[in-house]
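Heads up: the structure comes next, in C-alpha cells.
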Amino acid sequence: MVFNTPIFFVFFVVFLLIYGLLLVQKRPRLYFILVASLVFYGAWNYRFIPLLVGSSVIDYYLALAIAGAATVQRKKIYLALSVAMNLGVLGLFKYADFALESAASFLALFGIEATLPTLSWVLPVGISFYTFQSMSYTIDVYRGDMQPRRGLVHFTSALAFFPQLVAGPILRARQILPQFHELPVPTWEGARHGFLLFTSGIVKKTFADLLAAPAAVLFDAGGPVSLIEAWTGVLAFAGQIYGDFAGYTDMAIGAALIIGFRIPRNFNLPYFAVSPVDFWRRWHISLSTWLRDYLYISLGGRNQRLRNVMITMLLGGLWHGAAWTFVAWGFFHGIVITATHWLGSLRLFAGFAGSGSRVITTLKWAMTFYLVLVGWVLFRAHSIESAAGIVANLHTFSGLPEASVVDLRVAAVTVVALIYMHFQDWFVIARGERFEQKPWLFWPMLVLLQAICLLVGAPSSEFIYFQF
Amino acid sequence: MASNQRRIFLRIILAILVGMGVAMGLVRGFTEAMGANSQEILGRVLEGQHGLKRLLAEDDGDLVMVYGSSMADAGFGPREFDQHIRDLGGDVSTWNFGFGGLNPMFQEFLARRIVDDLNANDRRLKLLLIEFNPFQATKTRRNRAKAIEEPYMSLLLSGDEIADRILEDPASGLRIAEIRYLRDGASAEAITTYLLAEPFQEGAADPGIEEDEAVEARLDEVIDAYFPKYEAEFPEFADCDWCYDWKGGGPLRSERSDELIALMEEYYALVQADYKMQLDRLNRINTSGIIELDFDEDLVVAFIEMVNALKQIADNTEIILLPKNDDWIVNPPEALARLQRVLERIESETGVRVRNFQKIDAVTNDMFGDTTHLNGLDGLEAFTKFLADEYAHLLIDAPGDQSVLPN
C-alpha cells in the first residue's frame with residue numbers, strides 16, 4: 001500500500017474513523033494501531049507478517065533479559081543474540097544470493113566453475129528499516145541509554161507503526177516507544193502541519209516520477225549519450241531519488257502527525273550541503289545517525305578514523321542493496337569523507353574549510369554537489385563498468401544532441417524541479433508555521449497542489465527505497 | 001475530554017474528505033477542459049457499445065459482425081458488404097466493430113460486453129469475423145500500452161467486474177474505480193504522457209528522414225479542404241466516430257461528391273510519398289514491433305479467450321488476417337514462423353478456422369493508405385467485396401444449405 005494511492009486514502013480515512021471516533025480508551029486504540037499496521041503491511045505481502053512480529057517479540061524479550069541480566073557477560077550474550085537474529089534475517093533475505101553469486105564469480109576468476117544454489121527469496125519490504133530499528137532498542141538497553149519498557153503490544157505497535165514501517169525514518173525506541181505508552185491525541189495545529197508535510201511529500205513524489213524518464217534515458221538506454229543527456233540524466237536522478245525518498249518521509253511524518261505522533265525529520269535540504277560530511281548530516285539523517293551511533297562509534301570513532309569511516313560507509317552502501325554498485329557508492333563516499341577530513345587538517349586548506357565567505361561557501365557547495373552527483377551515478381548504474389562510462393560521459397564534450405528526447409528544455413525543467421523541491425522544503429521549514437496561520441491561503445494552496453499531483457502524478461509508481 | 005478528542009478527529013476527517021473532494025473536482029474540471037475524457041479516449045468504442053444495444057433493439061435482420069482493430073475499421077465497409085450480399089441474392093445486416101488502439105486484452109474486455117448484450121437480447125450473429133492483427137499482439141505493443149491498461153480497463157470493465165477486481169486486488173481495483181468514476185477515464189498517467197510530460201517520455205530518436213516540404217504543404221491544403229467539405233456533405237455525421245446509420249463504417253462512394261472523392265484520392269496519393277511511408281513504417285516498428293513479431297503470451301492468451309467467448313454467440317465464426325502491405329512490411333522468416341505457430345495455436349485452442357488474407361489477388365499494395373491500413377476507397381471496396389464473395393455461401397440460404405462451420 002503506497003501513500004499516494006486511492007487505497008491508502010480509503011485505509012487512512014477508515015483508520016481515522018475507527019481510531020478517532022469509535023475508540024476512546026487507550027488500550028483498544030493501541031491494539032487497533034497494531035492491527036491496522038499489520039493490515040497495511042499485509043496488503044503488500046501478508047506472508048511476511050510473522051517475520052515482522054517475530055523479530056519484534058524476540059527483541060522485546062531480549063531487551064528485558066539484557067536489563068535483568070546479573071552479569072555483563074550475560075548482557076553481552078543476549079545482545080549478541082539480538083544482533084545475530086536481526087542481521088541473520090537481513091542477511092538471509094537480502095544478501096545470501098548476492099554472497100553466493102559473488103563467491104561463484106570470485107571462484108571463476110581462478111577457473112573454478114562453481115554452480116552455487118541461490119535462494120531467490122522475495123525481499124520483505126521494509127526489512128532493512130525495521131531490523132535496524134529493532135536492533136537499536138536492544139543496543140540502547142545494553143548500553144544503558146534507555147530502560148526497557150514493559151508492554152509487548154506497545155513495542156510491536158511502535159515497530160510496525162504503518163506510517164514509517166516500510167521506508168523509515170529509522171526511529172529509535174526512545175523516540176517512539178514513549179509515545180505508544182502515552183498515545184498522544186492530535187492537536188489541530190499538529191494535524192494542519194501534518195497535512196502540509198503530506199502534501200509537500202506528494203508534490204516531491206510527483207516530481208520524482210516525472211524525473212524518472214530523463215534519468216532512464218541516461219541509465220537504461222545502454223547506448224552512447226551526449227554531454228547534455230549525461231548531465232540532465234544525473235541531475236534528474238538526483239532529483240528523482242530526493243523527491244522519491246524525502247517525499248515518502250514527508251508523507252510518513254505528516255500521516256503520523258495527523259494522528260498525533262511525532263517523527264523526527266529525515267532530510268534537511270541535503271543538496272545545500274557544503275561538505276560531504278555536511279551532506280550526510282542532511283541526507284537520510286536517521287540512517288546516518290544510526291550508523292554513526294551504533295557502528296562508527298562502536299568501532300572506535302575518531303580513533304582510526306580512516307578505517308572506521310570506510311567500514312561505516314561501505315556497510316552503509318551495502319545497506320541500500322545487495323549489489324557491488326552500492327558497495328562502490330559507499331566506498332566512494334568513504335573516500336570523499338576521509339579526503340575531506342584530511343584536507344581540512346592541512347594548514348593549506350584550513351582557511352578554506354573554515355571560511356564563511358559567500359564565494360568560498362558557494363565553491364564548497366558546488367564541489368560537494370558535484371561529488372554527490374558522481375556518487376549517484378554509482379548508486380543508479382546497472383554495473384560499475386556502466387557507471388564508469390557515464391562518469392566519463394559527464395566529462396566528455398560531445399556538443400548538443402542532434403536527435404534526442406532530452407534537449408535543453410528538458411535539462412532546464414530538470415534543474416527547475418530540483419530547485420523547486422528544495423525551495424518547497426525550505427519554505428515548509430522556515431515559513432510553514434506562518435503559512436499555516438493563513439487559512440484563506442493555506443487550504444486552497446494545499447487543495448490546488450493535491451489536485452495538480454492527482455492530475456499528473458502516477459499513483460501506481462512505487463517508491464525507490466521500498467526495495468531497500 | 002473524549003468529546004474534544006472526537007471533535008479534533010472529526011475535523012481532520014472532514015478536512016481530508018472535503019479537501020480531496022474539491023481536489024478531485026478540480027481534476028475533473030481540468031481534464032474536461034483539456035478534452036481528456038472517456039469520449040476523447042475511447043469515443044469510437046463507447047459509441048460502438050451504445051450502438052450495439054440500439055441495433056439489437058432495432059435491427060432484426062441476420063446479423064454479421066466484423067470485430068477487430070483499426071485495420072478492420074479502415075478496411076471493411078459494412079454497407080458495401082450488405083450491398084454485395086444483396087447482389088448475390090442474400091439479405092444480411094452487417095456491422096463494423098473494428099476499433100483502433102485496442103490490443104487483444106482490451107478487445108477481450110469489450111468482447112465480454114458484446115456477449116452480455118447479445119445474450120441479454122437472446123440474439124445470435126449469423127456470421128462473426130474476428131480479425132487477428134499480428135502486430136497488436138506483440139511484446140512491444142504490450143509495453144507501450146502499460147500506461148493505458150488501467151484507464152482502458154476502467155472504461156471497458158462492467159461495474160460488477162470492477163467490484164470483483166477491488167476484492168481480488170484492492171490497490172488496482174480502487175485505482176480503476178477512481179479512474180472510471182472520478183476521472184471519466186483520464187488517468188494521471190494518460191495526462192502525464194500526453195499533455196504535461198511529453199518531453200520526458202522516451203521515444204524514438206529522429207530517424208533523420210527528410211520531409212518533402214512541397215508534399216507537406218499540399219497535404220495541409222488537401223486536409224484543410226477535405227474536412228469542411230466532408231462536414232458540409234455529411235453534417236449529421238460530423239460528431240460521431242462510430243456512426244450508427246453507417247453501421248460503424250463510412251459513407252459509400254456513391255454518397256460522396258466527385259469533389260470529395262478527388263480530395264480523398266489526392267490525400268491517399270500524397271500520404272503514400274516515400275518518406276511518409278518510411279516514417280510510418282518506423283513508427284510501427286517502434287510502437288508495435290511489426291517486423292520481428294515477438295508475440296506477448298498474455299495477449300495471445302487474451303485473444304484465444306476472446307474468440308472462445310465470442311464464438312458462443314455466432315452461428316459461424318472465423319478468424320481472419322487482413323491484407324498486408326508487403327512493399328513496406330517484410331517479415332523475416334523467423335517472424336513468419338512465429339506468426340504461423342501462433343495461428344496454429346489459436347486454431348487448435350479455439351477450434352475456429354483461421355483464414356490468412358494477408359496476400360490476396362484482390363488487394364494490391366497501392367490500395368493502402370499507409371503501411372498497414374487499407375485506404376478508404378479502393379482498398380476498402382476491394383477487400384469488402386472479396387470478403388462478401390468468400391463468405392456468401394454462409395449467408396445466402398440455399399435449399400438444404402447449412403452452416404459450414406458450426407460452432
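A note on labels: chains of the C-alpha cells are A, B, ... as shown, every chain counts residues from 1, and ligands are counted from 1 in their shown order.
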- prompt: Per DSSP on the backbone, what are the strand (DSSP E or B) residues of region 104-233 of chain B, as a ChimeraX atom specification?
  reply: /B:125,127-131,138
- prompt: Using only C-alpha atoms, which residues sit within 8 Å of region 193-195 of chain A once same-chain residues fewer than 3 positions away are excluded, as number ranges by chain?
  reply: A: 189-190, 198-199, 253-258, 432-433, 436
Please produce a file of those selected residues containing N, CA and C atoms, as a JSON list (two decimals), in the first residue's frame.
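Writing the result to out-v1.json gives the following:
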[["chain", "number", "residue", "atom", "x", "y", "z"],
["A", 189, "GLU", "N", -3.41, 22.07, 15.32],
["A", 189, "GLU", "CA", -2.22, 22.70, 14.76],
["A", 189, "GLU", "C", -1.26, 21.63, 14.22],
["A", 190, "GLY", "N", -1.10, 20.56, 15.02],
["A", 190, "GLY", "CA", -0.23, 19.46, 14.59],
["A", 190, "GLY", "C", -0.75, 18.80, 13.33],
["A", 198, "PHE", "N", 2.38, 16.19, 4.36],
["A", 198, "PHE", "CA", 1.88, 15.14, 3.48],
["A", 198, "PHE", "C", 1.78, 15.67, 2.03],
["A", 199, "THR", "N", 1.25, 16.87, 1.90],
["A", 199, "THR", "CA", 1.12, 17.47, 0.56],
["A", 199, "THR", "C", 2.50, 17.75, -0.03],
["A", 253, "ILE", "N", 5.87, 11.28, 7.95],
["A", 253, "ILE", "CA", 5.86, 12.17, 9.12],
["A", 253, "ILE", "C", 4.52, 12.90, 9.20],
["A", 254, "GLY", "N", 4.02, 13.32, 8.05],
["A", 254, "GLY", "CA", 2.74, 14.02, 8.00],
["A", 254, "GLY", "C", 1.60, 13.14, 8.47],
["A", 255, "ALA", "N", 1.56, 11.90, 7.98],
["A", 255, "ALA", "CA", 0.48, 10.98, 8.36],
["A", 255, "ALA", "C", 0.53, 10.70, 9.86],
["A", 256, "ALA", "N", 1.75, 10.52, 10.39],
["A", 256, "ALA", "CA", 1.90, 10.27, 11.83],
["A", 256, "ALA", "C", 1.42, 11.47, 12.64],
["A", 257, "LEU", "N", 1.78, 12.65, 12.15],
["A", 257, "LEU", "CA", 1.42, 13.87, 12.87],
["A", 257, "LEU", "C", -0.10, 14.07, 12.88],
["A", 258, "ILE", "N", -0.74, 13.69, 11.80],
["A", 258, "ILE", "CA", -2.20, 13.85, 11.72],
["A", 258, "ILE", "C", -2.88, 13.02, 12.82],
["A", 432, "GLY", "N", 6.65, 27.58, 7.14],
["A", 432, "GLY", "CA", 5.47, 26.73, 7.24],
["A", 432, "GLY", "C", 4.49, 27.18, 8.31],
["A", 433, "GLU", "N", 5.03, 27.53, 9.49],
["A", 433, "GLU", "CA", 4.16, 27.87, 10.60],
["A", 433, "GLU", "C", 3.32, 29.12, 10.30],
["A", 436, "GLU", "N", 0.67, 28.31, 7.74],
["A", 436, "GLU", "CA", -0.47, 27.56, 8.30],
["A", 436, "GLU", "C", -1.47, 28.48, 9.00]]
Residue nearest chain B among A:Asn303, A:Thr338, A:Thr289, A:Thr5 (counting only C-alpha atoms):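 Selected residue with least distance to chain B: A:Thr5.
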- request: Identify every residue of chain A that has at least one atom within 8 Å of any atom of chain B, counting only C-alpha atoms, and report the result as JSON, numbers by chain.
  value: {"A": [1, 5, 6, 7, 13, 16, 17, 20, 21, 24, 185, 186, 187, 188, 191, 210, 211, 213, 214, 217, 258, 403, 404, 405, 406, 410, 443, 447, 448, 450, 451, 452, 454, 455, 456, 457, 458, 459]}
- prompt: Interatomic distance between CA of Asn96 (chain B) and CA of Leu279 (chain B)?
  reply: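 Atom-to-atom, CA of Asn96 (chain B) and CA of Leu279 (chain B) are spaced 28.4 Å apart.
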- request: Considering only C-alpha atoms, state which residue in the set A:Phe349, A:Ile390, A:Leu64, A:Leu449 is at the smallest distance from Ile202 (chain A).
  value: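 Nearest to Ile202 (chain A): A:Leu449.
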field: Residue list (helix (DSSP H, G or I), DSSP) for region 135-359 of chain B, as JSON, numbers by chain
entry: {"B": [135, 136, 137, 139, 140, 141, 142, 143, 144, 145, 146, 147, 148, 149, 150, 151, 152, 153, 154, 155, 156, 159, 160, 161, 162, 163, 164, 165, 166, 167, 168, 170, 171, 172, 173, 174, 175, 176, 177, 178, 179, 180, 181, 182, 188, 189, 190, 191, 192, 193, 194, 195, 196, 198, 199, 200, 213, 214, 215, 216, 217, 218, 219, 220, 221, 222, 223, 224, 225, 226, 227, 228, 229, 230, 231, 232, 233, 235, 236, 237, 244, 245, 246, 253, 254, 255, 258, 259, 260, 261, 262, 263, 264, 265, 266, 267, 268, 269, 270, 271, 274, 275, 276, 277, 278, 279, 280, 281, 282, 283, 284, 285, 286, 287, 288, 297, 298, 299, 300, 301, 302, 303, 304, 305, 306, 307, 308, 309, 310, 311, 312, 313, 333, 334, 335, 336, 337, 338, 339, 340, 341, 342, 343, 344, 345, 346, 347, 348, 349, 350]}
message: Can you pull out the residues contacting Ala392 (chain B)? Cut-off 12 Å, using only C-alpha atoms, and skip same-chain residues under 5 positions away; I want them as a ChimeraX atom specification.
response: /B:64,81-92,126-127,384-387,397-398,401,403-404
- prompt: Leaving out region 114-122 of chain B and any residue of its chain fewer than 2 positions from it, which residues lie within 8 Å of it when counting only C-alpha atoms, given as a ChimeraX atom specification?
  reply: /B:49,52-53,56-57,110-112,124,309-310,313
message: Just want the 7 Å neighbourhood of region 157-174 of chain A, counted on only C-alpha atoms, with same-chain residues fewer than 5 positions away dropped. Output as a PyMOL selection string.
response: chain A and resi 33-34+37+40+125-126+129-130+133-134+136-137+146+180+249+252+255-256+266+286-287+465-466
Residues from the last selection, N, CA and C atoms, saved as a tab-separated table (two decimals), in the first residue's frame:
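Resulting contents of result08.tsv:
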chain	number	residue	atom	x	y	z
A	33	ILE	N	-4.05	0.23	16.41
A	33	ILE	CA	-2.89	0.67	15.62
A	33	ILE	C	-2.12	-0.55	15.12
A	34	LEU	N	-1.94	-1.52	16.01
A	34	LEU	CA	-1.18	-2.72	15.62
A	34	LEU	C	-1.90	-3.46	14.49
A	37	SER	N	-1.68	-1.50	11.30
A	37	SER	CA	-0.32	-1.54	10.73
A	37	SER	C	-0.06	-2.88	10.06
A	40	PHE	N	-1.86	-2.91	6.82
A	40	PHE	CA	-1.09	-2.07	5.89
A	40	PHE	C	0.08	-2.87	5.33
A	125	VAL	N	9.45	-6.26	2.19
A	125	VAL	CA	9.54	-4.81	2.10
A	125	VAL	C	9.79	-4.21	3.49
A	126	GLY	N	10.68	-3.24	3.55
A	126	GLY	CA	10.96	-2.54	4.80
A	126	GLY	C	11.86	-3.28	5.77
A	129	PHE	N	14.73	-1.46	7.31
A	129	PHE	CA	14.35	-0.39	8.25
A	129	PHE	C	13.97	-0.98	9.61
A	130	TYR	N	13.09	-1.98	9.59
A	130	TYR	CA	12.60	-2.41	10.91
A	130	TYR	C	13.62	-3.27	11.67
A	133	GLN	N	15.81	-0.71	13.31
A	133	GLN	CA	15.05	-0.03	14.36
A	133	GLN	C	14.97	-0.92	15.60
A	134	SER	N	14.68	-2.18	15.37
A	134	SER	CA	14.52	-3.12	16.47
A	134	SER	C	15.86	-3.35	17.19
A	136	SER	N	18.34	-1.32	17.40
A	136	SER	CA	18.78	-0.15	18.16
A	136	SER	C	18.22	-0.19	19.58
A	137	TYR	N	17.06	-0.82	19.74
A	137	TYR	CA	16.43	-0.89	21.06
A	137	TYR	C	17.28	-1.75	22.00
A	146	MET	N	18.74	3.55	27.61
A	146	MET	CA	17.31	3.58	27.97
A	146	MET	C	16.94	2.33	28.75
A	180	PHE	N	3.97	5.56	22.34
A	180	PHE	CA	2.98	4.47	22.32
A	180	PHE	C	2.45	4.13	23.71
A	249	THR	N	9.16	10.22	3.07
A	249	THR	CA	9.34	10.50	4.50
A	249	THR	C	8.44	11.64	4.95
A	252	ALA	N	5.15	10.19	5.46
A	252	ALA	CA	5.14	9.37	6.67
A	252	ALA	C	5.04	10.25	7.91
A	255	ALA	N	1.56	11.90	7.98
A	255	ALA	CA	0.48	10.98	8.36
A	255	ALA	C	0.53	10.70	9.86
A	256	ALA	N	1.75	10.52	10.39
A	256	ALA	CA	1.90	10.27	11.83
A	256	ALA	C	1.42	11.47	12.64
A	266	ASN	N	13.87	13.60	8.49
A	266	ASN	CA	14.89	12.68	7.96
A	266	ASN	C	15.77	13.35	6.91
A	286	SER	N	18.23	9.67	9.71
A	286	SER	CA	18.02	8.56	10.67
A	286	SER	C	18.98	7.40	10.40
A	287	LEU	N	19.36	7.18	9.14
A	287	LEU	CA	20.32	6.11	8.86
A	287	LEU	C	21.73	6.57	9.20
A	465	TYR	N	12.95	3.50	-2.32
A	465	TYR	CA	13.52	2.97	-1.09
A	465	TYR	C	12.76	1.76	-0.55
A	466	PHE	N	11.61	1.43	-1.14
A	466	PHE	CA	10.92	0.21	-0.69
A	466	PHE	C	11.79	-1.01	-0.91
Can you tell me, as an mmCIF file with N, CA, C and O atoms, in the first residue's frame, what residues are no more than 9 Å from Asp366 (chain B) when counting only C-alpha atoms, ignoring any on the same chain fewer than 5 positions away?
data_model
loop_
_atom_site.group_PDB
_atom_site.id
_atom_site.type_symbol
_atom_site.label_atom_id
_atom_site.label_comp_id
_atom_site.auth_asym_id
_atom_site.auth_seq_id
_atom_site.Cartn_x
_atom_site.Cartn_y
_atom_site.Cartn_z
ATOM 1 N N GLN B 272 1.158 8.449 -49.532
ATOM 2 C CA GLN B 272 1.977 7.308 -49.969
ATOM 3 C C GLN B 272 3.366 7.761 -50.410
ATOM 4 O O GLN B 272 4.144 6.950 -50.913
ATOM 5 N N ASN B 325 0.696 -4.857 -46.452
ATOM 6 C CA ASN B 325 1.410 -4.088 -47.483
ATOM 7 C C ASN B 325 2.858 -4.566 -47.513
ATOM 8 O O ASN B 325 3.718 -4.042 -46.805
ATOM 9 N N LEU B 374 -5.661 -0.386 -45.116
ATOM 10 C CA LEU B 374 -6.196 -0.191 -46.461
ATOM 11 C C LEU B 374 -6.775 1.211 -46.550
ATOM 12 O O LEU B 374 -7.252 1.764 -45.538
ATOM 13 N N ASN B 375 -6.737 1.789 -47.773
ATOM 14 C CA ASN B 375 -7.341 3.107 -47.879
ATOM 15 C C ASN B 375 -8.864 2.982 -47.930
ATOM 16 O O ASN B 375 -9.407 1.889 -48.127
ATOM 17 N N ASP B 378 -10.419 2.457 -52.757
ATOM 18 C CA ASP B 378 -10.146 1.208 -53.477
ATOM 19 C C ASP B 378 -9.888 0.045 -52.522
ATOM 20 O O ASP B 378 -10.363 -1.073 -52.737
ATOM 21 N N GLY B 379 -9.106 0.322 -51.488
ATOM 22 C CA GLY B 379 -8.705 -0.757 -50.574
ATOM 23 C C GLY B 379 -9.908 -1.340 -49.855
ATOM 24 O O GLY B 379 -10.117 -2.561 -49.836
#
Nearest to Asp245 (chain B) by atom-to-atom distance, counting only C-alpha atoms, from B:Glu108, B:Glu259, B:Glu32, B:Asp59: B:Asp59
For Leu418 (chain A), list every protein, DNA or RNA residue within 10 Å, evaluated using only C-alpha atoms, and leave out those in the same chain fewer than 6 positions away; present the list as a PDB file with N, CA, C and O atoms, in the first residue's frame.
ATOM      1  N   LYS A 204       6.666  16.280  -4.047  1.00  0.00           N
ATOM      2  CA  LYS A 204       8.023  15.798  -4.353  1.00  0.00           C
ATOM      3  C   LYS A 204       7.982  14.453  -5.070  1.00  0.00           C
ATOM      4  O   LYS A 204       8.749  14.199  -5.995  1.00  0.00           O
ATOM      5  N   PHE A 207       7.168  15.040  -8.666  1.00  0.00           N
ATOM      6  CA  PHE A 207       8.364  15.484  -9.404  1.00  0.00           C
ATOM      7  C   PHE A 207       9.296  14.295  -9.649  1.00  0.00           C
ATOM      8  O   PHE A 207       9.855  14.145 -10.729  1.00  0.00           O
ATOM      9  N   ALA A 208       9.454  13.474  -8.630  1.00  0.00           N
ATOM     10  CA  ALA A 208      10.372  12.325  -8.753  1.00  0.00           C
ATOM     11  C   ALA A 208       9.935  11.424  -9.905  1.00  0.00           C
ATOM     12  O   ALA A 208      10.761  10.984 -10.709  1.00  0.00           O
ATOM     13  N   LEU A 211      10.736  12.959 -13.185  1.00  0.00           N
ATOM     14  CA  LEU A 211      12.171  12.993 -13.483  1.00  0.00           C
ATOM     15  C   LEU A 211      12.731  11.603 -13.799  1.00  0.00           C
ATOM     16  O   LEU A 211      13.860  11.479 -14.278  1.00  0.00           O
ATOM     17  N   LEU A 235      21.411  14.788 -13.044  1.00  0.00           N
ATOM     18  CA  LEU A 235      20.637  15.761 -12.248  1.00  0.00           C
ATOM     19  C   LEU A 235      19.213  15.249 -12.025  1.00  0.00           C
ATOM     20  O   LEU A 235      18.641  15.395 -10.934  1.00  0.00           O
ATOM     21  N   ALA A 236      18.652  14.634 -13.068  1.00  0.00           N
ATOM     22  CA  ALA A 236      17.286  14.106 -12.939  1.00  0.00           C
ATOM     23  C   ALA A 236      17.246  13.008 -11.886  1.00  0.00           C
ATOM     24  O   ALA A 236      16.311  12.942 -11.079  1.00  0.00           O
ATOM     25  N   PHE A 237      18.261  12.149 -11.870  1.00  0.00           N
ATOM     26  CA  PHE A 237      18.236  11.093 -10.858  1.00  0.00           C
ATOM     27  C   PHE A 237      18.423  11.681  -9.463  1.00  0.00           C
ATOM     28  O   PHE A 237      17.801  11.220  -8.497  1.00  0.00           O
ATOM     29  N   ALA A 238      19.289  12.712  -9.364  1.00  0.00           N
ATOM     30  CA  ALA A 238      19.455  13.372  -8.057  1.00  0.00           C
ATOM     31  C   ALA A 238      18.104  13.902  -7.579  1.00  0.00           C
ATOM     32  O   ALA A 238      17.749  13.772  -6.398  1.00  0.00           O
ATOM     33  N   GLY A 239      17.349  14.481  -8.518  1.00  0.00           N
ATOM     34  CA  GLY A 239      16.014  14.976  -8.166  1.00  0.00           C
ATOM     35  C   GLY A 239      15.058  13.839  -7.881  1.00  0.00           C
ATOM     36  O   GLY A 239      14.255  13.905  -6.945  1.00  0.00           O
ATOM     37  N   GLN A 240      15.152  12.781  -8.684  1.00  0.00           N
ATOM     38  CA  GLN A 240      14.228  11.660  -8.513  1.00  0.00           C
ATOM     39  C   GLN A 240      14.415  10.996  -7.147  1.00  0.00           C
ATOM     40  O   GLN A 240      13.441  10.771  -6.419  1.00  0.00           O
ATOM     41  N   TYR A 242      15.816  12.134  -4.476  1.00  0.00           N
ATOM     42  CA  TYR A 242      15.464  13.024  -3.376  1.00  0.00           C
ATOM     43  C   TYR A 242      13.945  13.156  -3.253  1.00  0.00           C
ATOM     44  O   TYR A 242      13.374  12.997  -2.165  1.00  0.00           O
ATOM     45  N   GLY A 243      13.295  13.445  -4.391  1.00  0.00           N
ATOM     46  CA  GLY A 243      11.842  13.613  -4.369  1.00  0.00           C
ATOM     47  C   GLY A 243      11.140  12.351  -3.904  1.00  0.00           C
ATOM     48  O   GLY A 243      10.162  12.396  -3.154  1.00  0.00           O
ATOM     49  N   TYR A 271      20.906  18.920  -0.638  1.00  0.00           N
ATOM     50  CA  TYR A 271      21.731  19.434  -1.743  1.00  0.00           C
ATOM     51  C   TYR A 271      22.231  20.851  -1.479  1.00  0.00           C
ATOM     52  O   TYR A 271      22.853  21.445  -2.338  1.00  0.00           O
ATOM     53  N   ALA A 412      16.507  22.147 -18.580  1.00  0.00           N
ATOM     54  CA  ALA A 412      16.066  23.305 -17.799  1.00  0.00           C
ATOM     55  C   ALA A 412      14.962  22.913 -16.823  1.00  0.00           C
ATOM     56  O   ALA A 412      14.989  23.299 -15.642  1.00  0.00           O
TER      57      ALA A 412
END
- prompt: For the atom pair CA of Ala417 (chain A) and CA of Gly356 (chain A), what is the interatomic distance in Å to one decimal place?
  reply: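 Calculated distance between CA of Ala417 (chain A) and CA of Gly356 (chain A) is 28.0 Å.
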statement: Between CA of Ser93 (chain B) and CA of Ile396 (chain B) lies a distance of 12.4 Å
task: Pick out the closest residue to Pro251 (chain B) from this set: B:Tyr275, B:Phe76, B:Phe303, B:Tyr181. Count only C-alpha atoms.
output: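 The answer is B:Phe76, which sits nearest to Pro251 (chain B).
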- request: Check the smallest atom-to-atom distance from each of B:Asp220, B:Glu344, B:Asp73, B:Glu131 to Ile319 (chain B) using only C-alpha atoms, then report the winner.
  value: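 Closest to Ile319 (chain B) of all the choices is B:Glu131.
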